Every structure is written in structure tokens, then in C-alpha cells.
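> One structure follows; several queries about it will come next.
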Amino acid sequence: MTLLALIPPARRRSLAAWLTALSLIAATGALVPLAARAQTGTEAAGQTHSFDIPAQPLDAALIQFGQQVGLEVTASSALVAGKQARAVQGRLSVGQALERMLAGTGLDYQLRQGMITLNKPQSARLAPVTVKDGWETATSAVQGYTARRSATGTRTDTPLIETPASVQVVPRDVIDEQQAVSLKDVYENVSGVQQAGNTLNAQSEVLPMIRGFESPVLLRNGLRATSAGAVDLVNVERVEVLKGPASILYGALEPGGVISYVTKRPQAESRHVISQQLGSDAFRRTTLDSTGTLNPAYSWLYRLNLAHTDSDSFRDDVRLKRTAIAPSFLWFPSDNTEVLFDFAYTREEQPYDSGVPLSANGKPLVPDRTFFGDDHLAGRDHRDYYASYQLTHRFSPTWTLRNQLQLHRADNRNESLRNLRVLNNDSDLALRYQNEERREDEVQFVLDGIARFRTGDVGHELLIGTEITHLDTDWERFRLNALVVPISADPRVRYTPPGNQNPSDEPSNTRWWALYLQDQLSLLEDGRLKVLLGVRFDDVLTTGSVDGVDSPDLDDRAVTARGGLLYRLTDQHSVYASASQSFQPQRAFAVDRRGTPLDPETGEQLEVGLKSGFGERLSSTLSLYRLEKDDVAVLDQDYFDNTGESAYFPGVSQRAQGVELDITGRLTERLKVLANYSYTDTEVLDNKGDPDQKGERLGGVSLHLARLWLAYDFGGPLDGLGLGGGARYVSESTAQFDTELPLDGYTVADAGLWYRWNNLRASLKVNNLFDERYIARASTAAIAHPGAPRSVLAGFSLAF
């Protein structure tokens with residue numbers, strides 16, 4: 001049986017082109033380095049080449065050097081961090097070029113068996129290094145607003161201008177200057193991304209909608225964080241958004257895209273930052289960020305991030321307490337090996353807040369502060385635990401091994417009243433009592449082999465990997481239609497839970513493994529033409545039960561593919577086209593009226609785009625796409641109302657298409673900009689179970705989104721003073737699960753001020769400057785979340 005035999009016939013035709021292309025590459029030997037006579041170090045060092053490598057950060061220069069001479073250059077990250085390479089031009093031997101490039105860096109090199117290894121001279125002692133402007137990797141800090149490299153779009157460290165996909169990076173500088181306190185504050189800086197209205201799982205973090213589809217899975221350092229319900233930004237270095245299907249890289253995902261956050265890595269230079277924020281509604285937040293070396297040889301580095309947040313809210317009886325602890329350690333056992341140990345613990349306590357009810361025309365029926373819960377109930381208590389390691393080892397000039405292992409536990413307890421339904425011509429609100437404990441244990445193992453080599457004039461970066469994931473969920477919950485209360489500005493809800501609760505037992509587990517193959521080819525003499533081809537096989541087994549009644553086992557297998565072309569018109573501009581597919585197994589008990597399990601959700605996207613660099617100051621991405629999603633699980637509401645049992649319409653297909661523009665960087669030496677716009681047109685293509693839905697727009701998706709943020713750093717006598725401000729525009733939409741319920745569009749303006757003096761920094765931020773009243777997101781008429789009114793946030797930090 002072939003892999004294609006496991007796929008429905010309709011999917012086979014769409015995959016044939018990509019699999020044929022991969023087969024042709026393999027047949028011509030493009031996936032395996034050509035055999036060559038082994039060179040001695042003397043032979044390789046004496047060979048001459050024509051070089052044209054400008055002065056730049058050493059890390060980037062070494063990449064160009066290795067590509068031009070066809071040799072592997074290895075060095076530990078701590079060794080090259082912050083060092084500047086001199087320009088190398090003209091026809092020189094490998095040895096001459098290296099000596100010229102490394103002049104003034106204090107580094108030496110050895111060339112053995114075709115591998116160049118950088119090291120310190122024996123008499124030298126490794127000193128602390130500082131990351132300087134312009135030096136960047138896919139996991140490092142970004143200087144300013146503009147990131148140059150990312151691994152989210154390819155699982156390899158790749159320049160963004162050479163990635164045939166829309167990948168947007170929000171760096172730490174933006175997070176700090178906007179004084180963001182939650183993940184949603186960050187991802188709204190990216191085009192085509194907005195808050196989802198779904199709060200059914202009582203997660204604290206607001207899930208995103210990307211290109212019209214909810215994206216419930218987050219990535220943490222490239223690994224899945226399925227139930228991440230409490231993300232604290234204290235140890236987040238950058239937030240990245242990959243648009244479009246990403247199943248070839250990360251497995252079962254929604255087709256709109258995925259958000260990945262990259263945590264802070266230990267640094268060799270000793271640095272400690274203590275911060276305090278104070279704001280409206282008794283907001284208080286204290287953080288610590290400490291990093292440095294643990295031994296004189298700088299082979300062990302550490303980083304410790306701590307945060308405690310305590311705050312009231314503009315919502316009555318809603319209070320937040322969050323504690324985050326995130327230590328990490330980076331070990332360099334040799335020049336060719338590094339091991340990152342990463343741990344995190346987050347605990348968040350907060351009442352479950354299902355918002356305010358709306359009238360049939362989408363207007364709030366009560367003031368925004370009104371809370372219909374009972375603050376005497378326990379509320380939410382969410383705890384997240386992470387423990388992971390990443391081993392990276394360079395075996396040879398060609399091969400690098402990367403192994404990641406992550407253990408994640410999400411422990412969520414929730415006792416609350418949830419808004420259920422608006423009744424009696426908007427005069428009453430039905431509430432449901434829920435008492436649940438949900439624990440998820442996820443173990444993910446990833447093993448990648450990365451090979452960089454040339455076959456003739458073609459450069460390759462080959463990724464071969466396997467992924468094994470076990471996810472066990474233990475869910476016990478008791479739900480009861482509780483009471484009906486009048487809709488008023490001061491409901492004063494009190495509820496006594498029943499004493500003889502008999503919670504349902506709903507365990508489930510998912511086991512999946514995958515194999516994937518990707519090749520990034522550089523063609524033409526100067527490597528301006530980039531070709532990306534990838535294919536992945538997933539095997540997913542999902543089992544579950546409710547009170548001892550087993551669901552049908554779901555054993556889903558799928559092959560997904562991806563292909564892209566990118567051509568660098570100049571060093572500053574590139575155009576690209578891509579096609580990609582997604583795969584998402586259905587959850588347990590996702591069946592139709594006959595009890596037949598639904599087929600897995602699948603998606604396909606076509607995209608074209610233009611990327612521009614505009615020097616080191618500014619970058620932009622313009623993309624156009626069409627995305628279709630098939631076999632979507634849509635609840636059969638009539639069947640549920642009549643029987644009380646859940647069933648889903650089979651064969652539902654949906655579509656999203658649009659245009660997106662993102663611009664980040666510096667307009668002048670002192671004026672920074674972050675701007676984006678997106679047009680997202682969605683439609684139900686087919687729903688035979690409910691034909692009236694055909695042609696309707698998808699719920700919760702705005703047609704237009706736009707954001708502008710400007711920041712200006714003064715000079716001269718006002719040196720250290722900065723001023724920022726901007727606005728977010730969200731056009732009208734509907735509730736996510738009720739497309740007949742309209743939501744008005746809104747524009748929210750923010751402004752900020754900061755001052756730096758030596759190691760001190762003070763800041764002031766005003767959110768919702770003009771006190772706009774709006775609904776940020778809604779699930780139904782009973783569950784709508786008002787946006788926060790005008791608030792003030794002051795911050796102080798000391799670095800030493």
C-alpha cells in the first residue's frame with residue numbers, strides 16, 4: 001500500500017504535482033550530496049574563489065562564506081555573538097579570505113576534512129559578548145522593529161526575504177513600547193489576525209482568528225502548546241505569525257495559520273532588569289529578567305524570568321492573579337554542540353467571565369462593567385507546566401542534528417456560572433452552572449536532520465524529520481442549567497451549587513507520529529531563485545469515552561504537501577508564489593446524525609506576494625491568497641435542540657480570500673512605524689445539511705482590519721525621550737456562532753511616552769485614548785466581551 005492510497009481520490013490529484021516534483025529531485029540526486037574526493041585542510045584552504053562579502057555581522061558573513069566556498073563553517077553561538085566581520089572582495093584563497101574576514105574578532109580557525117571550525121586562540125580567554133545592532137538569528141533578540149530571520153516558516157534559520165510565505169514577527173521592542181500585557185495585545189499588530197469569540201473552553205488567553213479561521217493551537221519555540229491557556233509575556237522574545245496552512249511543518253493545524261512565540265535565551269553578558277508597572281483598576285505587575293554566565297569558561301549560561309500580576313478590572317468582581325517563573329540554561333559542551341534546557345510555570349486565578357448580553361441588533365443590554373457570574377464560586381484556576389530541552393549538534397560540514405523534547409501539563413479547574421441564552425425579548429438571561437477539572441499531559445519528541453550542501457550549481461538546505469506526540473486528556477465536568485436572572489445593570493447573582501454533583505468522566509487520548517521532508521533549493525548562479533518543496537505523512541489515532549461509553553476510534557492518515565517559488569528581483573525586493581495544504585483530525589464524538597465519524601478537516605491555499613527590504617530600515621510584505629477548507633465540523637443546531645445530542649453536518653466547505661499588507665521598521669533615523677491592513681472575504685461554499693448557510697460570510701470575521709503605530713525617539717537636549725501612538729480599526733462583523741447577530745466596527749487609539757536615562761526607563765501609556773465603547777468579540781448574543789475603556793499604565797525599570 002502506498003501513501004497515496006491512504007488519501008481520498010480528490011486529495012490525490014492535488015498532491016500529485018508536488019509528489020512528482022519531489023520524485024524528480026530525488027531521481028536526479030538532488031536530495032543526496034554528490035560524492036566527492038575528500039580534501040585535506042591544506043587543499044581546501046589553498047583553493048581560490050571570487051568573493052563579494054560586505055562588512056556585516058560575523059554570523060551572517062559566515063553563512064555567505066560557506067555558501068560561496070561550499071564548506072561548512074561551525075562555531076558556538078556565544079563565540080560569534082556581537083562580532084563584526086570585515087569585507088572580503090576579490091579572488092582569494094579560502095585561507096586568505098578567512099583571515100581577512102576574522103581580522104579584529106580575536107578568533108582563529110581550523111580547517112579539517114572540509115569543515116571550518118572557529119575557536120579562540122589557546123592563550124585567549126572567552127570574554128562576555130554583547131549582541132550588537134544588526135546581528136540576528138531566528139531565536140535571538142531583534143534590534144528595533146524589523147526582524148530579518150525566522151524559523152517559523154521553514155523550521156530552519158532562514159531570511160524572511162527568502163521565505164516563500166507570509167511570516168510576520170513582532171519583536172520585544174514593540175512589546176515593550178506598547179506595554180503589552182497579553183498575547184492578544186501583540187498579535188493584533190499583524191494583518192489578518194483578530195480576536196476569536198470562542199470562550200467555550202474557559203481559556204484565559206484569547207484565541208486568534210487568522211485569515212478567517214480560528215487557530216486554537218499555539219507554538220512555543222516551534223513545539224505545540226495545544227492547551228496554552230496562560231501565556232505570560234515576561235519570557236517572550238518575539239511573537240511570530242505564519243499565515244496559511246502549516247501542516248507540512250507542524251502537523252494537525254487549522255489552515256488559516258499559526259502563532260508561535262519564541263522565549264528568551266540565556267546570554268553571555270551579565271544583565272539584570274527589574275520592572276514595575278502600575279495602572280488603572282489597581283493593576284500591579286512586577287518582573288525580573290536576569291541572565292549571565294555560570295562559569296568562567298562561559299560554557300554554561302542562564303536566564304531567569306519572574307513575573308507577578310495582580311489586578312482588578314473594569315468588569316465588576318473580576319480580578320486577576322498571575323505568577324510566572326521561567327528559568328532556562330544554555331550549555332556548550334563543545335564548539336559543535338549546544339543544549340538548551342527550558343522550564344516554565346504559570347499559575348493564573350480569575351473568575352470565568354462570559355461577558356454581557358446583546359440585543360438582536362448587537363447592542364449591549366447593560367453597562368460594560370456588569371458581571372452576571374457569582375464571585376463566591378471558585379472561578380478559574382489554571383496552571384501550566386513546561387519542561388523541555390533542545391540539542392543541536394553539527395556532525396560534519398553537511399549534517400546538523402536537532403533533537404527537541406517537551407513535556408507540557410495544563411491543569412485547569414473552573415467553577416462558575418456561564419451566560420447561556422437571552423430570553424423573553426431581551427429581559428432575562430439564562431445561566432448555566434459548570435464545575436469542571438481538565439488536565440492535559442502532552443509529550444512531544446522531534447528529531448530533525450538538516451543538511452546544507454550543493455549539487456553542481458544548486459544549493460540545498462534539506463530537512464528530514466520525525467515527530468512523535470502523546471496527548472492524554474482527563475476531563476471531568478458537571479453542568480446544570482442553573483437559573484434565569486433579570487437583565488439589569490446590577491444583577492447581584494447568587495447561586496448555591498447542588499451538593500450531590502455527579503461529574504461526567506470524559507477521558508481521551510491522541511497518539512500521532514509523522515515523517516516529513518523539505519528541501520530549500522537555491523538556483524541560478526547568484527542563488528536568486530529559491531524553490532521550496534516539502535511533504536509530510538501523519539498517522540493520528542484518537543480515542544475517547546464519556547462515562548464509560550467509548551467513541552468510535554479515529555485512525556486518520558494524511559499526506560500533506562507544500563511548494564513555493566521565490567525570486568529576488570534585487571537584494572531589496574523579492575516576489576513569491578506558494579501552494580500549501582492542511583490536515584486536522586476531528587475530535588472524539590464528532591459524528592453526523594447517523595453516528596458516523598466525520599472525515600478529517602483539510603485545507604488548501606494558493607498565495608502570491610511581494611517582499612521588500614528597503615535597506616536595513618524598513619521591510620514590507622504584500623500578499624494575496626485564496627484558502628479553502630473542507631469537511632468542517634459545523635454543529636447541527638436543530639438536531640441538538642430536538643434531541644439534546646450533538647451531531648455535525650458532514651461535507652461542509654468554507655473559503656477565505658484576501659489581501660494583506662504589513663510594514664515595519666524606520667521611516668527616518670528616529671521615526672519607527674508598524675502598519676498593516678487586511679481585507680478578508682469569507683464564504684460558506686457548501687453545507688448540504690443546512691443549505692441556507694451557503695453563500696454566508698463566516699462568523700466573527702471582519703472584512704477590514706488596519707493598524708498604525710508610530711514611535712519617535714528624540715535627540716539633542718531631549719535625548720532619551722520617546723513618544724508613540726497609533727490606532728486600530730476593526731470593521732463590522734458578527735458573533736462567531738450567530739451570523740445573524742451584527743457587531744459594529746470600531747477604532748481605538750493609544751498613546752505612549754517614555755524616557756531613558758542611563759540604566760533607568762520610565763514610561764506612560766494611555767489605552768483607548770478617546771474612551772471608545774465597543775464589543776471586542778462575541779460568541780453568541782449571551783456571550784459578548786466589551787473592550788476595555790480608557791486606562792492608564794505607568795512603568796519603571798532598572799537595568800544593571
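Please note that chains go A, B, ... in the order of the C-alpha cells, that every chain numbers its residues from 1, and that ligands are numbered from 1 in the order shown.
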I'd like the neighbourhood of Asp690 in chain A as a list of chain:residue names, where a residue qualifies if any of its atoms comes within 12 Å (using only C-alpha atoms), though same-chain residues fewer than 6 positions away should be ignored.

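Near neighbours after the sequence-gap exclusion: A:Val634, A:Leu635, A:Asp636, A:Gln637, A:Asp638, A:Tyr639, A:Tyr648, A:Phe649, A:Pro650, A:Gly651, A:Val652, A:Ser653, A:Val684, A:Glu696.
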
> Identify, with DSSP run on backbone atoms, the residues in range 68-289 of chain A assigned to helix (DSSP H, G or I), and express the list as a VMD selection string.

chain A and resid 68 to 69 77 to 80 94 to 102 160 to 162 172 to 177 183 to 187 233 to 235 247 to 250

> Give me, as a tab-separated table, the closest atom pair and its distance (Å, one decimal) for every residue of range 437-500 of chain A within a cut-off of 12 Å of range 229-241 of chain A, counting only C-alpha atoms, rows sorted by chain and rising number.


residue	atom	partner	partner_atom	distance
A:Arg438	CA	A:Gly229	CA	11.8
A:Arg439	CA	A:Gly229	CA	11.8
A:Glu440	CA	A:Gly229	CA	11.5

> Could you state the separation of CA of Lys264 in chain A and CA of Ile325 in chain A in Å, given to one decimal place?

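These two atoms are separated by 12.7 Å.
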
> Would you mind listing what lies within 9 Å of range 793-796 of chain A as number ranges by chain, with only C-alpha atoms counted and same-chain residues fewer than 4 positions away left out?

A: 179, 274-280, 283, 754, 760-767

> Could you take the residues named above and write them with all heavy atoms, as a compact mmCIF listing (two decimals), in the first residue's frame?


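In the end it all went to selection-v9.txt:
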# COMPACT_ATOMS: atom_id res chain seq x y z
N GLN A 179 3.74 48.45 25.82
CA GLN A 179 3.42 47.94 27.16
C GLN A 179 2.32 46.87 27.08
O GLN A 179 1.34 46.90 27.84
CB GLN A 179 3.01 49.08 28.09
CG GLN A 179 4.16 50.04 28.42
CD GLN A 179 3.99 50.71 29.76
OE1 GLN A 179 3.89 50.04 30.78
NE2 GLN A 179 3.97 52.03 29.77
N ILE A 274 14.90 44.86 36.51
CA ILE A 274 13.74 44.81 37.40
C ILE A 274 12.74 45.86 36.92
O ILE A 274 13.11 47.01 36.68
CB ILE A 274 14.14 45.08 38.85
CG1 ILE A 274 15.13 44.03 39.35
CG2 ILE A 274 12.91 45.11 39.75
CD1 ILE A 274 15.67 44.32 40.74
N SER A 275 11.47 45.43 36.77
CA SER A 275 10.44 46.33 36.24
C SER A 275 9.22 46.33 37.14
O SER A 275 8.90 45.31 37.77
CB SER A 275 10.03 45.92 34.83
OG SER A 275 11.12 45.94 33.94
N GLN A 276 8.55 47.48 37.18
CA GLN A 276 7.31 47.61 37.93
C GLN A 276 6.31 48.40 37.09
O GLN A 276 6.65 49.45 36.54
CB GLN A 276 7.55 48.34 39.26
CG GLN A 276 6.29 48.54 40.09
CD GLN A 276 5.74 47.24 40.63
OE1 GLN A 276 6.46 46.46 41.24
NE2 GLN A 276 4.45 46.99 40.39
N GLN A 277 5.08 47.87 36.97
CA GLN A 277 4.02 48.56 36.26
C GLN A 277 2.85 48.79 37.21
O GLN A 277 2.51 47.92 38.02
CB GLN A 277 3.55 47.75 35.05
CG GLN A 277 4.55 47.67 33.92
CD GLN A 277 4.06 46.77 32.80
OE1 GLN A 277 3.94 45.57 32.97
NE2 GLN A 277 3.77 47.36 31.64
N LEU A 278 2.25 49.97 37.10
CA LEU A 278 1.09 50.35 37.89
C LEU A 278 0.07 50.99 36.96
O LEU A 278 0.45 51.75 36.05
CB LEU A 278 1.46 51.34 39.00
CG LEU A 278 2.53 50.89 40.01
CD1 LEU A 278 2.96 52.07 40.88
CD2 LEU A 278 2.01 49.74 40.86
N GLY A 279 -1.22 50.68 37.18
CA GLY A 279 -2.19 51.25 36.25
C GLY A 279 -3.59 51.31 36.79
O GLY A 279 -3.85 51.05 37.98
N SER A 280 -4.49 51.64 35.91
CA SER A 280 -5.90 51.73 36.26
C SER A 280 -6.41 50.39 36.76
O SER A 280 -5.85 49.34 36.48
CB SER A 280 -6.70 52.17 35.03
OG SER A 280 -6.25 53.40 34.53
N PHE A 283 -4.09 47.86 38.78
CA PHE A 283 -3.17 46.97 38.07
C PHE A 283 -1.77 47.11 38.65
O PHE A 283 -1.22 48.21 38.75
CB PHE A 283 -3.15 47.31 36.58
CG PHE A 283 -2.23 46.43 35.77
CD1 PHE A 283 -2.70 45.24 35.22
CD2 PHE A 283 -0.90 46.78 35.56
CE1 PHE A 283 -1.86 44.43 34.47
CE2 PHE A 283 -0.06 45.97 34.81
CZ PHE A 283 -0.54 44.79 34.27
N TRP A 754 7.85 57.67 26.89
CA TRP A 754 8.89 57.01 27.69
C TRP A 754 10.15 57.87 27.74
O TRP A 754 10.38 58.74 26.88
CB TRP A 754 9.20 55.63 27.13
CG TRP A 754 9.60 55.61 25.69
CD1 TRP A 754 10.83 55.77 25.15
CD2 TRP A 754 8.70 55.42 24.58
NE1 TRP A 754 10.79 55.70 23.80
CE2 TRP A 754 9.51 55.48 23.41
CE3 TRP A 754 7.33 55.21 24.46
CZ2 TRP A 754 8.95 55.33 22.13
CZ3 TRP A 754 6.80 55.06 23.20
CH2 TRP A 754 7.60 55.11 22.06
N LEU A 760 17.99 53.59 33.68
CA LEU A 760 16.61 53.74 34.12
C LEU A 760 15.69 54.01 32.93
O LEU A 760 16.09 54.68 31.96
CB LEU A 760 16.49 54.90 35.11
CG LEU A 760 17.22 54.75 36.44
CD1 LEU A 760 17.14 56.05 37.22
CD2 LEU A 760 16.64 53.60 37.25
N ARG A 761 14.49 53.48 33.00
CA ARG A 761 13.49 53.75 31.97
C ARG A 761 12.15 53.94 32.64
O ARG A 761 11.74 53.15 33.50
CB ARG A 761 13.39 52.59 30.97
CG ARG A 761 12.44 52.86 29.80
CD ARG A 761 12.38 51.66 28.86
NE ARG A 761 11.64 51.95 27.66
CZ ARG A 761 10.32 51.87 27.51
NH1 ARG A 761 9.58 51.49 28.57
NH2 ARG A 761 9.73 52.14 26.37
N ALA A 762 11.45 55.01 32.27
CA ALA A 762 10.10 55.28 32.77
C ALA A 762 9.17 55.43 31.56
O ALA A 762 9.57 55.95 30.52
CB ALA A 762 10.08 56.56 33.61
N SER A 763 7.94 54.97 31.72
CA SER A 763 7.02 55.01 30.59
C SER A 763 5.60 55.27 31.08
O SER A 763 5.26 54.99 32.24
CB SER A 763 7.06 53.70 29.79
OG SER A 763 6.72 52.61 30.62
N LEU A 764 4.79 55.80 30.19
CA LEU A 764 3.39 56.06 30.47
C LEU A 764 2.59 55.72 29.21
O LEU A 764 2.93 56.17 28.12
CB LEU A 764 3.17 57.52 30.85
CG LEU A 764 1.75 57.91 31.26
CD1 LEU A 764 1.38 57.25 32.59
CD2 LEU A 764 1.62 59.43 31.38
N LYS A 765 1.54 54.93 29.37
CA LYS A 765 0.73 54.51 28.23
C LYS A 765 -0.74 54.78 28.54
O LYS A 765 -1.23 54.47 29.63
CB LYS A 765 0.94 53.00 27.99
CG LYS A 765 0.06 52.40 26.89
CD LYS A 765 0.62 52.68 25.51
CE LYS A 765 -0.27 52.05 24.42
NZ LYS A 765 -0.33 50.58 24.53
N VAL A 766 -1.44 55.34 27.58
CA VAL A 766 -2.89 55.54 27.68
C VAL A 766 -3.54 54.68 26.61
O VAL A 766 -3.34 54.91 25.41
CB VAL A 766 -3.28 57.02 27.50
CG1 VAL A 766 -4.79 57.17 27.65
CG2 VAL A 766 -2.55 57.89 28.50
N ASN A 767 -4.29 53.69 27.04
CA ASN A 767 -5.01 52.82 26.12
C ASN A 767 -6.44 53.34 25.92
O ASN A 767 -7.05 53.86 26.84
CB ASN A 767 -5.06 51.40 26.66
CG ASN A 767 -3.70 50.76 26.74
OD1 ASN A 767 -2.95 50.74 25.76
ND2 ASN A 767 -3.35 50.26 27.92

> Suppose you want the space between CA of Ile464 in chain A and CA of Pro397 in chain A; what is it in Å?

16.6 Å

> With a cut-off of 9 Å, could you pull out the residues of range 362-463 of chain A touching range 58-67 of chain A and give me the nearest pair of atoms for each, distance in Å to one decimal, using only C-alpha atoms, ordered by chain and ascending number, as CSV?


residue,atom,partner,partner_atom,distance
A:Arg452,CA,A:Gln67,CA,8.9
A:Phe453,CA,A:Gln67,CA,8.4
A:Arg454,CA,A:Gln67,CA,8.6
A:Gly459,CA,A:Gln67,CA,7.8

> List every residue of range 361-527 of chain A that DSSP, applied to the backbone of this structure, places in strand (DSSP E), and write the result as number ranges by chain.

A: 379-394, 399-423, 428-455, 458-486, 504-505, 508-523

> Need to verify the contact set: range 155-170 of chain A, 6 Å, only C-alpha atoms, exclusion of same-chain residues closer than 2 positions in sequence. Can you return it as a ChimeraX atom specification?

/A:138,148-152,238-243,564,566,576

> Write out the residues from the selection above, keeping N, CA and C atoms, as a PDB file, in the first residue's frame.


ATOM      1  N   ALA A 138      17.323  33.290  14.103  1.00  0.00           N
ATOM      2  CA  ALA A 138      15.891  33.037  14.197  1.00  0.00           C
ATOM      3  C   ALA A 138      15.400  33.012  15.630  1.00  0.00           C
ATOM      4  N   ARG A 148      14.830  40.104  10.600  1.00  0.00           N
ATOM      5  CA  ARG A 148      15.382  39.691   9.314  1.00  0.00           C
ATOM      6  C   ARG A 148      15.299  38.188   9.093  1.00  0.00           C
ATOM      7  N   ARG A 149      15.224  37.428  10.176  1.00  0.00           N
ATOM      8  CA  ARG A 149      15.287  35.968  10.056  1.00  0.00           C
ATOM      9  C   ARG A 149      14.225  35.330  10.939  1.00  0.00           C
ATOM     10  N   SER A 150      13.819  34.123  10.569  1.00  0.00           N
ATOM     11  CA  SER A 150      12.837  33.378  11.345  1.00  0.00           C
ATOM     12  C   SER A 150      12.948  31.905  10.981  1.00  0.00           C
ATOM     13  N   ALA A 151      12.543  31.041  11.919  1.00  0.00           N
ATOM     14  CA  ALA A 151      12.464  29.609  11.643  1.00  0.00           C
ATOM     15  C   ALA A 151      11.020  29.128  11.563  1.00  0.00           C
ATOM     16  N   THR A 152      10.055  29.973  11.886  1.00  0.00           N
ATOM     17  CA  THR A 152       8.668  29.535  11.933  1.00  0.00           C
ATOM     18  C   THR A 152       8.159  29.080  10.574  1.00  0.00           C
ATOM     19  N   ARG A 238       9.962  37.159  21.067  1.00  0.00           N
ATOM     20  CA  ARG A 238       9.293  37.594  19.840  1.00  0.00           C
ATOM     21  C   ARG A 238       8.054  36.733  19.618  1.00  0.00           C
ATOM     22  N   VAL A 239       7.057  37.315  18.978  1.00  0.00           N
ATOM     23  CA  VAL A 239       5.844  36.597  18.608  1.00  0.00           C
ATOM     24  C   VAL A 239       5.778  36.588  17.087  1.00  0.00           C
ATOM     25  N   GLU A 240       5.606  35.401  16.506  1.00  0.00           N
ATOM     26  CA  GLU A 240       5.648  35.247  15.064  1.00  0.00           C
ATOM     27  C   GLU A 240       4.341  34.630  14.571  1.00  0.00           C
ATOM     28  N   VAL A 241       3.903  35.057  13.398  1.00  0.00           N
ATOM     29  CA  VAL A 241       2.671  34.560  12.800  1.00  0.00           C
ATOM     30  C   VAL A 241       2.991  34.030  11.413  1.00  0.00           C
ATOM     31  N   LEU A 242       2.751  32.741  11.218  1.00  0.00           N
ATOM     32  CA  LEU A 242       2.869  32.123   9.901  1.00  0.00           C
ATOM     33  C   LEU A 242       1.479  32.039   9.301  1.00  0.00           C
ATOM     34  N   LYS A 243       1.266  32.705   8.167  1.00  0.00           N
ATOM     35  CA  LYS A 243      -0.041  32.727   7.526  1.00  0.00           C
ATOM     36  C   LYS A 243      -0.208  31.506   6.632  1.00  0.00           C
ATOM     37  N   GLY A 564       6.849  26.165  -3.032  1.00  0.00           N
ATOM     38  CA  GLY A 564       6.953  27.605  -3.180  1.00  0.00           C
ATOM     39  C   GLY A 564       8.105  28.003  -4.081  1.00  0.00           C
ATOM     40  N   LEU A 566      10.413  31.573  -5.046  1.00  0.00           N
ATOM     41  CA  LEU A 566      10.720  32.961  -4.685  1.00  0.00           C
ATOM     42  C   LEU A 566      11.877  33.434  -5.552  1.00  0.00           C
ATOM     43  N   TYR A 576       7.087  36.048  -4.697  1.00  0.00           N
ATOM     44  CA  TYR A 576       6.957  34.621  -4.404  1.00  0.00           C
ATOM     45  C   TYR A 576       5.569  34.126  -4.748  1.00  0.00           C
TER      46      TYR A 576
END

> Tell me which protein, DNA and RNA residues are within 9 Å of Gln586 in chain A, counting only C-alpha atoms, leaving out same-chain ones fewer than 2 positions away, and put them as a ChimeraX atom specification.

/A:542,554,584,588-590,597-601,632-633

> Show me, as a ChimeraX atom specification, the residues that have an atom within 10 Å of range 709-723 of chain A when counting only C-alpha atoms, minus same-chain residues fewer than 6 positions from it.

/A:174,177-178,189,664-676,749-758,761-765
